[in-house]
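Undergrad: You'll find coords_18.cif just under this line, and it carries mmCIF, C-alpha atoms.
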data_query
#
loop_
_atom_site.label_atom_id
_atom_site.label_comp_id
_atom_site.auth_asym_id
_atom_site.auth_seq_id
_atom_site.Cartn_x
_atom_site.Cartn_y
_atom_site.Cartn_z
CA MET A 30 -3.27 9.93 30.19
CA HIS A 31 -4.80 7.51 27.74
CA GLU A 32 -2.92 5.12 25.49
CA ALA A 33 -2.91 6.36 21.92
CA LEU A 34 -4.10 4.54 18.84
CA PHE A 35 -2.03 4.14 15.66
CA TYR A 36 1.53 3.77 16.87
CA ARG A 37 4.24 1.16 16.88
CA ARG A 38 7.28 0.66 19.03
CA LEU A 39 10.75 1.07 17.55
CA GLU A 40 14.24 0.28 18.79
CA GLY A 41 15.63 2.26 21.69
CA GLY A 42 12.20 3.09 23.11
CA GLN A 43 11.25 5.34 20.19
CA VAL A 44 7.70 5.15 18.81
CA ALA A 45 6.28 5.88 15.36
CA CYS A 46 2.92 7.68 15.44
CA GLY A 47 0.63 6.77 12.54
CA LEU A 48 -2.30 9.05 13.31
CA CYS A 49 -1.57 11.99 11.03
CA ALA A 50 0.47 12.46 7.89
CA HIS A 51 3.44 13.90 9.80
CA ARG A 52 4.07 10.32 11.01
CA CYS A 53 6.25 11.59 13.85
CA ARG A 54 9.03 9.44 15.29
CA ILE A 55 9.07 10.32 18.96
CA ASP A 56 11.86 9.68 21.43
CA VAL A 57 11.20 8.72 25.05
CA GLY A 58 9.98 11.72 27.00
CA ARG A 59 9.25 13.73 23.87
CA ARG A 60 6.04 14.73 22.08
CA GLY A 61 4.89 14.77 18.48
CA LEU A 62 4.46 17.96 16.47
CA CYS A 63 0.92 18.27 17.83
CA GLY A 64 2.28 18.80 21.33
CA VAL A 65 -0.27 16.48 22.94
CA ARG A 66 0.95 12.93 22.21
CA GLU A 67 3.91 11.84 24.30
CA ASN A 68 6.23 8.86 24.44
CA ARG A 69 6.16 7.52 28.00
CA ASP A 70 8.78 4.78 28.23
CA GLY A 71 7.97 3.39 24.78
CA ARG A 72 4.21 3.83 25.15
CA LEU A 73 2.49 6.62 23.21
CA VAL A 74 -0.18 8.39 25.25
CA SER A 75 -2.72 11.10 24.56
CA LEU A 76 -2.38 13.92 27.07
CA VAL A 77 -5.71 15.51 26.11
CA TYR A 78 -8.12 12.58 26.44
CA GLY A 79 -11.30 14.06 27.97
CA LYS A 80 -9.64 17.41 28.81
CA LEU A 81 -12.05 19.82 27.15
CA VAL A 82 -11.27 23.52 26.89
CA ALA A 83 -14.30 24.40 24.77
CA ARG A 84 -17.88 23.19 24.54
CA ASN A 85 -20.62 25.15 22.84
CA ILE A 86 -23.96 24.72 21.13
CA ASP A 87 -23.58 25.94 17.55
CA PRO A 88 -25.74 26.05 14.44
CA ILE A 89 -24.47 23.31 12.13
CA GLU A 90 -24.11 26.03 9.48
CA LYS A 91 -21.25 27.54 11.51
CA LYS A 92 -18.92 24.60 10.77
CA PRO A 93 -19.75 25.27 7.87
CA MET A 94 -21.94 22.29 6.94
CA PHE A 95 -24.74 23.31 4.58
CA HIS A 96 -25.84 19.88 3.35
CA PHE A 97 -25.96 18.11 6.71
CA LEU A 98 -29.19 18.54 8.72
CA PRO A 99 -29.53 22.30 8.00
CA GLY A 100 -31.24 24.26 10.73
CA SER A 101 -30.09 21.84 13.44
CA ARG A 102 -27.76 22.46 16.38
CA SER A 103 -24.45 20.76 17.02
CA TYR A 104 -22.73 20.20 20.36
CA SER A 105 -19.18 21.40 19.68
CA ILE A 106 -16.12 20.33 21.66
CA ALA A 107 -12.34 20.80 21.62
CA THR A 108 -9.15 20.19 23.56
CA VAL A 109 -5.89 22.10 23.14
CA GLY A 110 -3.36 21.21 20.44
CA CYS A 111 -2.97 21.07 16.67
CA ASN A 112 -0.78 19.29 14.12
CA PHE A 113 -0.57 22.44 11.95
CA ARG A 114 0.94 25.81 12.81
CA CYS A 115 -1.05 28.07 10.51
CA ARG A 116 0.15 31.65 10.58
CA HIS A 117 -3.42 32.92 10.25
CA CYS A 118 -5.11 30.62 12.80
CA GLN A 119 -8.29 32.05 14.33
CA ASN A 120 -8.03 29.76 17.38
CA ASP A 121 -4.29 29.82 18.00
CA ARG A 122 -4.71 30.46 21.72
CA ILE A 123 -5.99 26.95 22.23
CA ALA A 124 -4.50 25.30 19.13
CA GLN A 125 -0.93 26.28 20.05
CA TYR A 126 -1.40 26.36 23.83
CA PRO A 127 1.05 23.55 24.70
CA HIS A 128 3.79 25.12 22.56
CA ALA A 129 3.23 28.56 24.09
CA HIS A 130 3.00 27.39 27.72
CA ASP A 131 5.90 24.98 28.26
CA GLY A 132 3.83 21.93 27.37
CA ALA A 133 0.95 22.65 29.76
CA ILE A 134 -2.31 20.80 29.01
CA PRO A 135 -5.34 22.58 30.51
CA GLY A 136 -8.90 21.32 30.35
CA THR A 137 -11.90 20.09 32.31
CA ALA A 138 -12.04 16.33 32.81
CA THR A 139 -15.01 14.98 30.85
CA THR A 140 -16.14 11.50 29.84
CA PRO A 141 -17.59 10.52 26.45
CA GLY A 142 -20.83 9.66 28.22
CA GLU A 143 -21.09 13.17 29.64
CA VAL A 144 -20.60 14.69 26.19
CA VAL A 145 -23.35 12.56 24.70
CA VAL A 146 -25.74 13.24 27.57
CA GLU A 147 -25.21 17.00 27.18
CA ALA A 148 -25.78 16.78 23.45
CA LEU A 149 -29.07 14.99 24.07
CA ARG A 150 -30.12 17.33 26.87
CA THR A 151 -29.56 20.42 24.75
CA GLY A 152 -31.43 19.05 21.74
CA CYS A 153 -28.42 18.82 19.46
CA ALA A 154 -28.71 16.59 16.40
CA SER A 155 -24.95 16.09 16.18
CA ILE A 156 -21.62 16.45 17.94
CA SER A 157 -18.94 18.49 16.18
CA TYR A 158 -15.27 17.93 16.90
CA THR A 159 -13.91 21.34 16.02
CA TYR A 160 -12.15 24.64 16.95
CA VAL A 161 -8.75 22.88 16.84
CA GLU A 162 -7.78 19.95 14.65
CA PRO A 163 -9.85 17.05 16.06
CA THR A 164 -7.35 14.47 14.82
CA ILE A 165 -5.13 15.35 17.78
CA PHE A 166 -7.81 14.26 20.26
CA PHE A 167 -8.79 11.31 18.06
CA GLU A 168 -9.18 8.73 20.85
CA PHE A 169 -11.62 10.87 22.81
CA ALA A 170 -13.51 11.93 19.68
CA TYR A 171 -13.80 8.32 18.58
CA ASP A 172 -15.20 7.18 21.94
CA CYS A 173 -17.71 10.05 21.93
CA ALA A 174 -18.71 9.33 18.33
CA ARG A 175 -19.26 5.64 19.01
CA LEU A 176 -21.62 6.38 21.91
CA ALA A 177 -23.33 9.16 19.95
CA ARG A 178 -24.03 6.81 17.05
CA GLU A 179 -25.69 4.37 19.47
CA ARG A 180 -27.98 7.17 20.69
CA GLY A 181 -28.90 8.42 17.20
CA ILE A 182 -26.70 11.53 17.30
CA GLY A 183 -24.63 12.47 14.26
CA ASN A 184 -20.87 13.07 14.26
CA VAL A 185 -19.07 15.82 12.36
CA PHE A 186 -15.36 16.60 12.07
CA VAL A 187 -14.11 20.07 11.13
CA SER A 188 -10.64 19.17 9.99
CA ASN A 189 -7.49 20.08 8.11
CA GLY A 190 -7.66 16.64 6.50
CA TYR A 191 -4.19 15.52 7.58
CA MET A 192 -5.14 12.07 8.86
CA THR A 193 -3.47 8.90 7.64
CA ALA A 194 -5.48 6.46 5.55
CA GLU A 195 -5.54 3.97 8.42
CA ALA A 196 -7.03 6.57 10.77
CA ILE A 197 -9.61 7.58 8.16
CA ARG A 198 -10.71 3.99 7.59
CA TYR A 199 -11.02 3.46 11.35
CA LEU A 200 -13.11 6.61 11.83
CA ALA A 201 -15.32 6.61 8.74
CA PRO A 202 -17.86 3.97 9.88
CA ILE A 203 -19.02 6.24 12.74
CA LEU A 204 -18.48 9.64 11.10
CA ASP A 205 -21.45 11.21 9.32
CA GLY A 206 -19.95 14.40 7.92
CA ILE A 207 -16.67 16.28 7.62
CA ASN A 208 -15.69 19.74 6.51
CA ILE A 209 -12.09 19.71 5.30
CA ASP A 210 -10.03 22.86 4.86
CA LEU A 211 -8.33 22.80 1.48
CA LYS A 212 -6.17 25.80 2.26
CA ALA A 213 -4.47 26.15 -1.12
CA PHE A 214 -3.44 24.10 -4.12
CA ALA A 215 0.30 24.71 -3.79
CA ASP A 216 2.60 22.59 -1.69
CA GLY A 217 4.75 25.66 -1.00
CA PHE A 218 1.79 27.37 0.70
CA TYR A 219 1.23 24.37 2.95
CA ARG A 220 4.90 24.13 3.90
CA LYS A 221 5.42 27.84 4.54
CA ILE A 222 2.07 28.88 6.02
CA CYS A 223 0.89 25.68 7.76
CA GLY A 224 3.97 23.51 8.35
CA ALA A 225 2.49 20.63 6.37
CA ARG A 226 2.06 19.25 2.83
CA LEU A 227 -0.73 19.40 0.28
CA ALA A 228 -0.85 15.80 -1.01
CA PRO A 229 -2.18 14.12 2.19
CA VAL A 230 -5.11 16.59 2.29
CA LEU A 231 -6.11 15.74 -1.27
CA GLU A 232 -5.86 12.03 -0.48
CA SER A 233 -8.09 12.49 2.59
CA ILE A 234 -10.81 14.27 0.60
CA ARG A 235 -10.87 11.43 -1.92
CA LEU A 236 -10.86 8.69 0.70
CA PHE A 237 -13.54 10.14 2.97
CA HIS A 238 -15.79 10.56 -0.09
CA GLU A 239 -15.08 7.01 -1.27
CA LEU A 240 -15.96 5.68 2.19
CA GLY A 241 -19.38 7.35 2.15
CA VAL A 242 -18.77 10.21 4.58
CA LEU A 243 -20.56 13.43 3.58
CA VAL A 244 -17.70 15.76 2.61
CA GLU A 245 -17.81 19.54 2.38
CA VAL A 246 -14.70 21.62 1.66
CA THR A 247 -13.70 25.13 2.73
CA THR A 248 -11.03 27.37 1.20
CA LEU A 249 -10.11 30.58 3.01
CA ILE A 250 -8.98 32.94 0.25
CA ILE A 251 -6.03 35.10 1.31
CA PRO A 252 -5.09 38.08 -0.88
CA GLY A 253 -1.79 37.54 -2.64
CA LEU A 254 -1.28 33.98 -1.39
CA ASN A 255 -3.92 31.66 -2.84
CA ASP A 256 -6.29 33.93 -4.75
CA SER A 257 -5.10 33.60 -8.35
CA GLU A 258 -7.60 32.41 -10.93
CA GLU A 259 -5.26 29.52 -11.80
CA GLU A 260 -5.12 28.24 -8.24
CA LEU A 261 -8.83 28.64 -7.60
CA ARG A 262 -9.59 26.82 -10.84
CA ALA A 263 -7.19 24.03 -9.87
CA ILE A 264 -9.02 23.55 -6.56
CA ALA A 265 -12.41 23.52 -8.27
CA CYS A 266 -11.25 21.04 -10.90
CA PHE A 267 -9.80 18.75 -8.26
CA LEU A 268 -13.07 18.72 -6.31
CA LYS A 269 -15.02 18.08 -9.50
CA SER A 270 -12.73 15.10 -10.20
CA VAL A 271 -13.82 13.64 -6.86
CA SER A 272 -17.50 14.61 -7.14
CA GLY A 273 -19.39 17.57 -8.53
CA ASP A 274 -21.71 17.26 -5.53
CA ILE A 275 -19.07 18.24 -2.96
CA PRO A 276 -20.09 21.65 -1.55
CA TRP A 277 -17.24 24.18 -1.78
CA HIS A 278 -17.22 27.09 0.68
CA VAL A 279 -15.07 29.99 -0.54
CA THR A 280 -14.59 32.29 2.42
CA GLY A 281 -13.06 35.68 3.09
CA PHE A 282 -9.88 36.19 5.09
CA HIS A 283 -9.58 38.65 7.97
CA PRO A 284 -6.16 39.45 9.51
CA ALA A 285 -5.41 37.21 12.50
CA SER A 286 -2.60 35.74 14.60
CA LEU A 287 0.77 36.07 12.81
CA MET A 288 -0.76 37.22 9.53
CA LEU A 289 -1.68 40.83 10.11
CA ASP A 290 0.04 42.15 6.98
CA ARG A 291 -2.69 41.04 4.57
CA PRO A 292 -5.91 42.95 3.86
CA PRO A 293 -9.34 41.36 4.15
CA THR A 294 -10.50 39.50 1.05
CA PRO A 295 -12.53 41.72 -1.29
CA ALA A 296 -16.05 40.55 -2.08
CA THR A 297 -15.12 40.63 -5.78
CA THR A 298 -12.54 37.88 -5.17
CA ILE A 299 -15.12 35.68 -3.41
CA ASN A 300 -17.58 36.23 -6.24
CA LYS A 301 -14.87 35.33 -8.76
CA ALA A 302 -14.04 32.13 -6.88
CA ARG A 303 -17.70 31.16 -6.73
CA ALA A 304 -18.07 31.69 -10.48
CA ILE A 305 -14.94 29.63 -11.15
CA GLY A 306 -16.30 26.77 -9.07
CA MET A 307 -19.61 26.73 -10.88
CA GLU A 308 -17.91 26.97 -14.29
CA ALA A 309 -15.82 23.93 -13.32
CA GLY A 310 -19.01 21.94 -12.80
CA LEU A 311 -19.42 22.07 -9.02
CA ARG A 312 -23.12 22.07 -8.20
CA PHE A 313 -22.88 23.83 -4.83
CA VAL A 314 -20.48 26.73 -4.27
CA TYR A 315 -21.04 29.04 -1.31
CA SER A 316 -19.68 32.46 -0.29
CA GLY A 317 -18.58 32.99 3.29
CA ASN A 318 -17.46 35.86 5.55
CA VAL A 319 -18.51 38.51 3.01
CA ALA A 320 -21.76 40.18 2.07
CA ALA A 321 -22.96 38.41 -1.06
CA ALA A 322 -26.70 38.34 -1.70
CA GLY A 323 -27.80 34.75 -2.24
CA GLY A 324 -24.24 33.46 -2.01
CA GLU A 325 -25.13 31.02 0.75
CA ASP A 326 -28.42 29.77 -0.73
CA THR A 327 -28.80 26.27 -2.11
CA HIS A 328 -30.27 26.05 -5.61
CA CYS A 329 -31.35 23.14 -7.75
CA ARG A 330 -28.84 22.91 -10.60
CA ALA A 331 -31.44 21.15 -12.74
CA CYS A 332 -34.17 23.82 -12.70
CA GLY A 333 -32.70 26.71 -10.67
CA LEU A 334 -35.29 26.68 -7.89
CA THR A 335 -34.09 28.03 -4.52
CA LEU A 336 -34.11 25.10 -2.11
CA ILE A 337 -32.69 26.64 1.09
CA ARG A 338 -32.23 30.31 1.90
CA ARG A 339 -29.55 31.27 4.40
CA GLN A 340 -28.74 34.42 6.30
CA GLY A 341 -25.98 34.37 8.86
CA PHE A 342 -26.21 30.95 10.46
CA ARG A 343 -29.94 30.54 9.85
CA SER A 344 -31.42 28.25 7.23
CA GLN A 345 -34.92 28.60 5.82
CA TRP A 346 -36.24 25.64 3.86
CA ALA A 347 -37.86 26.77 0.62
CA GLY A 348 -38.10 24.24 -2.21
CA LEU A 349 -36.64 21.05 -0.73
CA LYS A 350 -38.76 18.09 0.31
CA GLU A 351 -37.41 14.70 1.38
CA GLY A 352 -34.09 15.37 -0.31
CA ARG A 353 -35.63 16.35 -3.65
CA CYS A 354 -36.34 19.59 -5.44
CA SER A 355 -40.03 20.35 -5.07
CA GLY A 356 -40.00 21.93 -8.52
CA CYS A 357 -38.51 19.28 -10.79
CA GLY A 358 -38.02 16.32 -8.45
CA ALA A 359 -34.23 16.19 -8.84
CA SER A 360 -32.36 14.43 -6.02
CA ILE A 361 -30.18 16.83 -4.03
CA PHE A 362 -26.93 15.69 -2.41
CA GLY A 363 -26.96 15.80 1.37
CA ALA A 364 -28.41 14.53 4.63
CA TRP A 365 -31.70 16.35 4.96
CA GLY A 366 -33.55 14.33 7.58
CA ASP A 367 -32.40 10.94 8.74
CA LEU A 368 -28.64 10.63 9.21
CA PRO A 369 -26.71 8.96 6.39
CA ARG A 370 -25.82 5.33 7.03
#
Show me the file's structure as structure tokens.
TA:
Amino acid sequence: MHEALFYRRLEGGQVACGLCAHRCRIDVGRRGLCGVRENRDGRLVSLVYGKLVARNIDPIEKKPMFHFLPGSRSYSIATVGCNFRCRHCQNDRIAQYPHAHDGAIPGTATTPGEVVVEALRTGCASISYTYVEPTIFFEFAYDCARLARERGIGNVFVSNGYMTAEAIRYLAPILDGINIDLKAFADGFYRKICGARLAPVLESIRLFHELGVLVEVTTLIIPGLNDSEEELRAIACFLKSVSGDIPWHVTGFHPASLMLDRPPTPATTINKARAIGMEAGLRFVYSGNVAAAGGEDTHCRACGLTLIRRQGFRSQWAGLKEGRCSGCGASIFGAWGDLPR
């Protein structure tokens, strides 16, 4: 057990958690919606601190992060738990483990120092906090990220974006990049499919960008749920209102978990979404999980030159040099060599 950040004590031993936008009020002996933060006699503790259930070496493109050190490897870690209950979760076996196993918290005891040493030993340029929502193991992620920053290793969150503003401001100074799932642009979708709300996610995207963290956004397009032209255009216009430089990954759905009644996303829908994003003024819109020739390549929007070619999780540098287009000299948004500071 490790004392949690972002909580305050209330009357009767209850505590108010201020880590994510659920802002759970938790009675003594009970846990928050995430299933991994528990009130122990008026003290909120993290039950997953250092209890890793996954650690892998991944291409950074798998997150997906296309504008953050492309071609590099990222040391990826996770505990159990999640503050969402998405019906289509690809990692529900670990994300919902405590809820499905009477509150059990598995994992291998690991220190932040051990994570950083392994990242260095395996030649990883960054550590990714991923697979489940990293907000729920915030304290451990923060301690790892602080040590990683001291050793010149980048830090990346792959997140649903449901953090509170106070948690975001605390994390941002040591976070280099974040990919946020913007799952839909309808509050009803978030409530029914994820057990959450839309507004806090939009606020997180704005705030992380304002604080200088490199933000990329992913939308998994599910047939019949969030694939209308109106909704896709609303997402694209929102991102453009934050910054036209934010990369938008429009990815194809495949049936999973409790959502087996929907077909896979047709490639035509992904192509339509990509076109909508570019028409809205987004400079970088990428296709994912479907075969789309050139849909993952990075192009210069000033002259059209191909800057990075991608196939699968491999990146081939083509016309990009020191963060600029080698054809026209235009500056290209991203972290291409040294980490952003």
Undergrad: Mind checking which residues fall within 7 Å of Val57 (chain A), counting only C-alpha atoms, ignoring those fewer than 3 positions away in the same chain, and posting them as a ChimeraX atom specification?
TA: /A:42-43,68-71
Undergrad: Output C-alpha atoms for every residue in that selection, as a tab-separated table (two decimals), keeping the file's coordinate frame.
TA:
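Saved file part.tsv follows:
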chain	number	residue	atom	x	y	z
A	42	GLY	CA	12.20	3.09	23.11
A	43	GLN	CA	11.25	5.34	20.19
A	68	ASN	CA	6.23	8.86	24.44
A	69	ARG	CA	6.16	7.52	28.00
A	70	ASP	CA	8.78	4.78	28.23
A	71	GLY	CA	7.97	3.39	24.78
Undergrad: Can you list, as JSON, numbers by chain, the residues that the PyMOL selection byres ((chain A and resi 191) around 8) selects here?
TA: {"A": [49, 50, 164, 188, 189, 190, 192, 193, 229, 230, 233]}
Undergrad: Distance table requested - region 314-341 of chain A against region 91-114 of chain A, cut-off 12 Å, only C-alpha atoms: one row per qualifying residue with the closest atom pair and its distance in Å to one decimal, ordered by chain and rising residue number, as CSV.
TA:
residue,atom,partner,partner_atom,distance
A:Val314,CA,A:Phe95,CA,10.4
A:Tyr315,CA,A:Phe95,CA,9.0
A:Ser316,CA,A:Pro93,CA,10.9
A:Gly317,CA,A:Pro93,CA,9.1
A:Asn318,CA,A:Lys91,CA,10.9
A:Glu325,CA,A:Phe95,CA,8.6
A:Asp326,CA,A:Phe95,CA,9.1
A:Thr327,CA,A:Phe95,CA,8.4
A:His328,CA,A:His96,CA,11.7
A:Leu336,CA,A:His96,CA,11.2
A:Ile337,CA,A:Pro99,CA,8.8
A:Arg338,CA,A:Pro99,CA,10.4
A:Arg339,CA,A:Phe95,CA,9.3
A:Gln340,CA,A:Gly100,CA,11.4
A:Gly341,CA,A:Lys91,CA,8.7
Undergrad: Mind giving me the straight-line distance from CA of Ala213 (chain A) to CA of Arg116 (chain A) in Å, one decimal?
TA: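 So the answer is 13.7 Å.
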Undergrad: Pull out every residue that the PyMOL selection byres ((chain A and resi 127) around 12) matches in the shown coordinates and put them as a PyMOL selection string.
TA: chain A and resi 60-66+76-77+108-112+121-126+128-136
Undergrad: Please determine, counting all atoms listed in the file, which residue among A:Ala138, A:Ile222, A:Leu149, A:Ala170 has the shortest atom-to-atom distance to Leu204 (chain A).
TA: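 Ranked by minimum distance to Leu204 (chain A), first place goes to A:Ala170.
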Undergrad: Near region 294-310 of chain A, within 7 Å and counting all atoms listed in the file, which residues show up once chain neighbours fewer than 6 positions away are dropped, as a list in words?
TA: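 Residues meeting the cut-off are Ile250, Ile251, Pro252, Leu261, Arg262, Ala265, Cys266, Lys269, Gly273, Val279, Thr280, Gly281, Phe282, Ser316 and Val319 of chain A.
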Undergrad: Measuring atom to atom with only C-alpha atoms, identify which of A:Val271, A:Leu200, A:Cys173, A:Leu81 is nearest to Tyr160 (chain A).
TA: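 The shortest atom-to-atom distance to Tyr160 (chain A) comes from A:Leu81.
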Undergrad: Could you tell me how far CA of Ile89 (chain A) sits from CA of Gly324 (chain A), in Å to one decimal place?
TA: 17.4 Å
Undergrad: Name the residues that the PyMOL selection byres ((chain A and resi 366) around 12) picks from the file above, as number ranges by chain, using the file's chain letters and numbers.
TA: A: 96-101, 154, 183, 349-353, 363-365, 367-370
Undergrad: Between A:Ala196, A:Ile264, A:Leu231, A:Leu249, which residue has the minimum interatomic distance to Pro284 (chain A), considering all atoms listed in the file?
TA: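 Looking only at the distances to Pro284 (chain A), the closest residue turns out to be A:Leu249.
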Undergrad: Quick one: of A:Cys118, A:Cys357, A:Leu211, A:Val161, who's nearest to Ala263 (chain A), counting only C-alpha atoms?
TA: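 Going through A:Cys118, A:Cys357, A:Leu211, A:Val161 one by one, the smallest distance to Ala263 (chain A) is for A:Leu211.
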Undergrad: Separation of CA of Gly358 (chain A) and CA of Gly333 (chain A), in Å?
TA: 11.9 Å
Undergrad: Under the rule that all atoms listed in the file are counted, which of A:Ala228, A:Val185, A:Ile165, A:Leu311 is the nearest residue to Val74 (chain A)?
TA: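 Closest residue, counting all atoms listed in the file: A:Ile165.
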Undergrad: Where's the centre, and what are the edge lengths in Å to one decimal, of a box along x, y and z enclosing all listed atoms of region 308-319 of chain A padded 6 Å per side, as AutoDock Vina command-line options?
TA:
--center_x -19.5 --center_y 30.2 --center_z -4.4 --size_x 19.3 --size_y 28.6 --size_z 31.8
Undergrad: I want to know what sits within 10 Å of Tyr171 (chain A), based on all atoms listed in the file, with residues of the same chain fewer than 2 positions away left out; could you give that as an MDAnalysis selection string?
TA: chainID A and resid 141 158 163:164 166:169 173:177 184 199:200 203:204
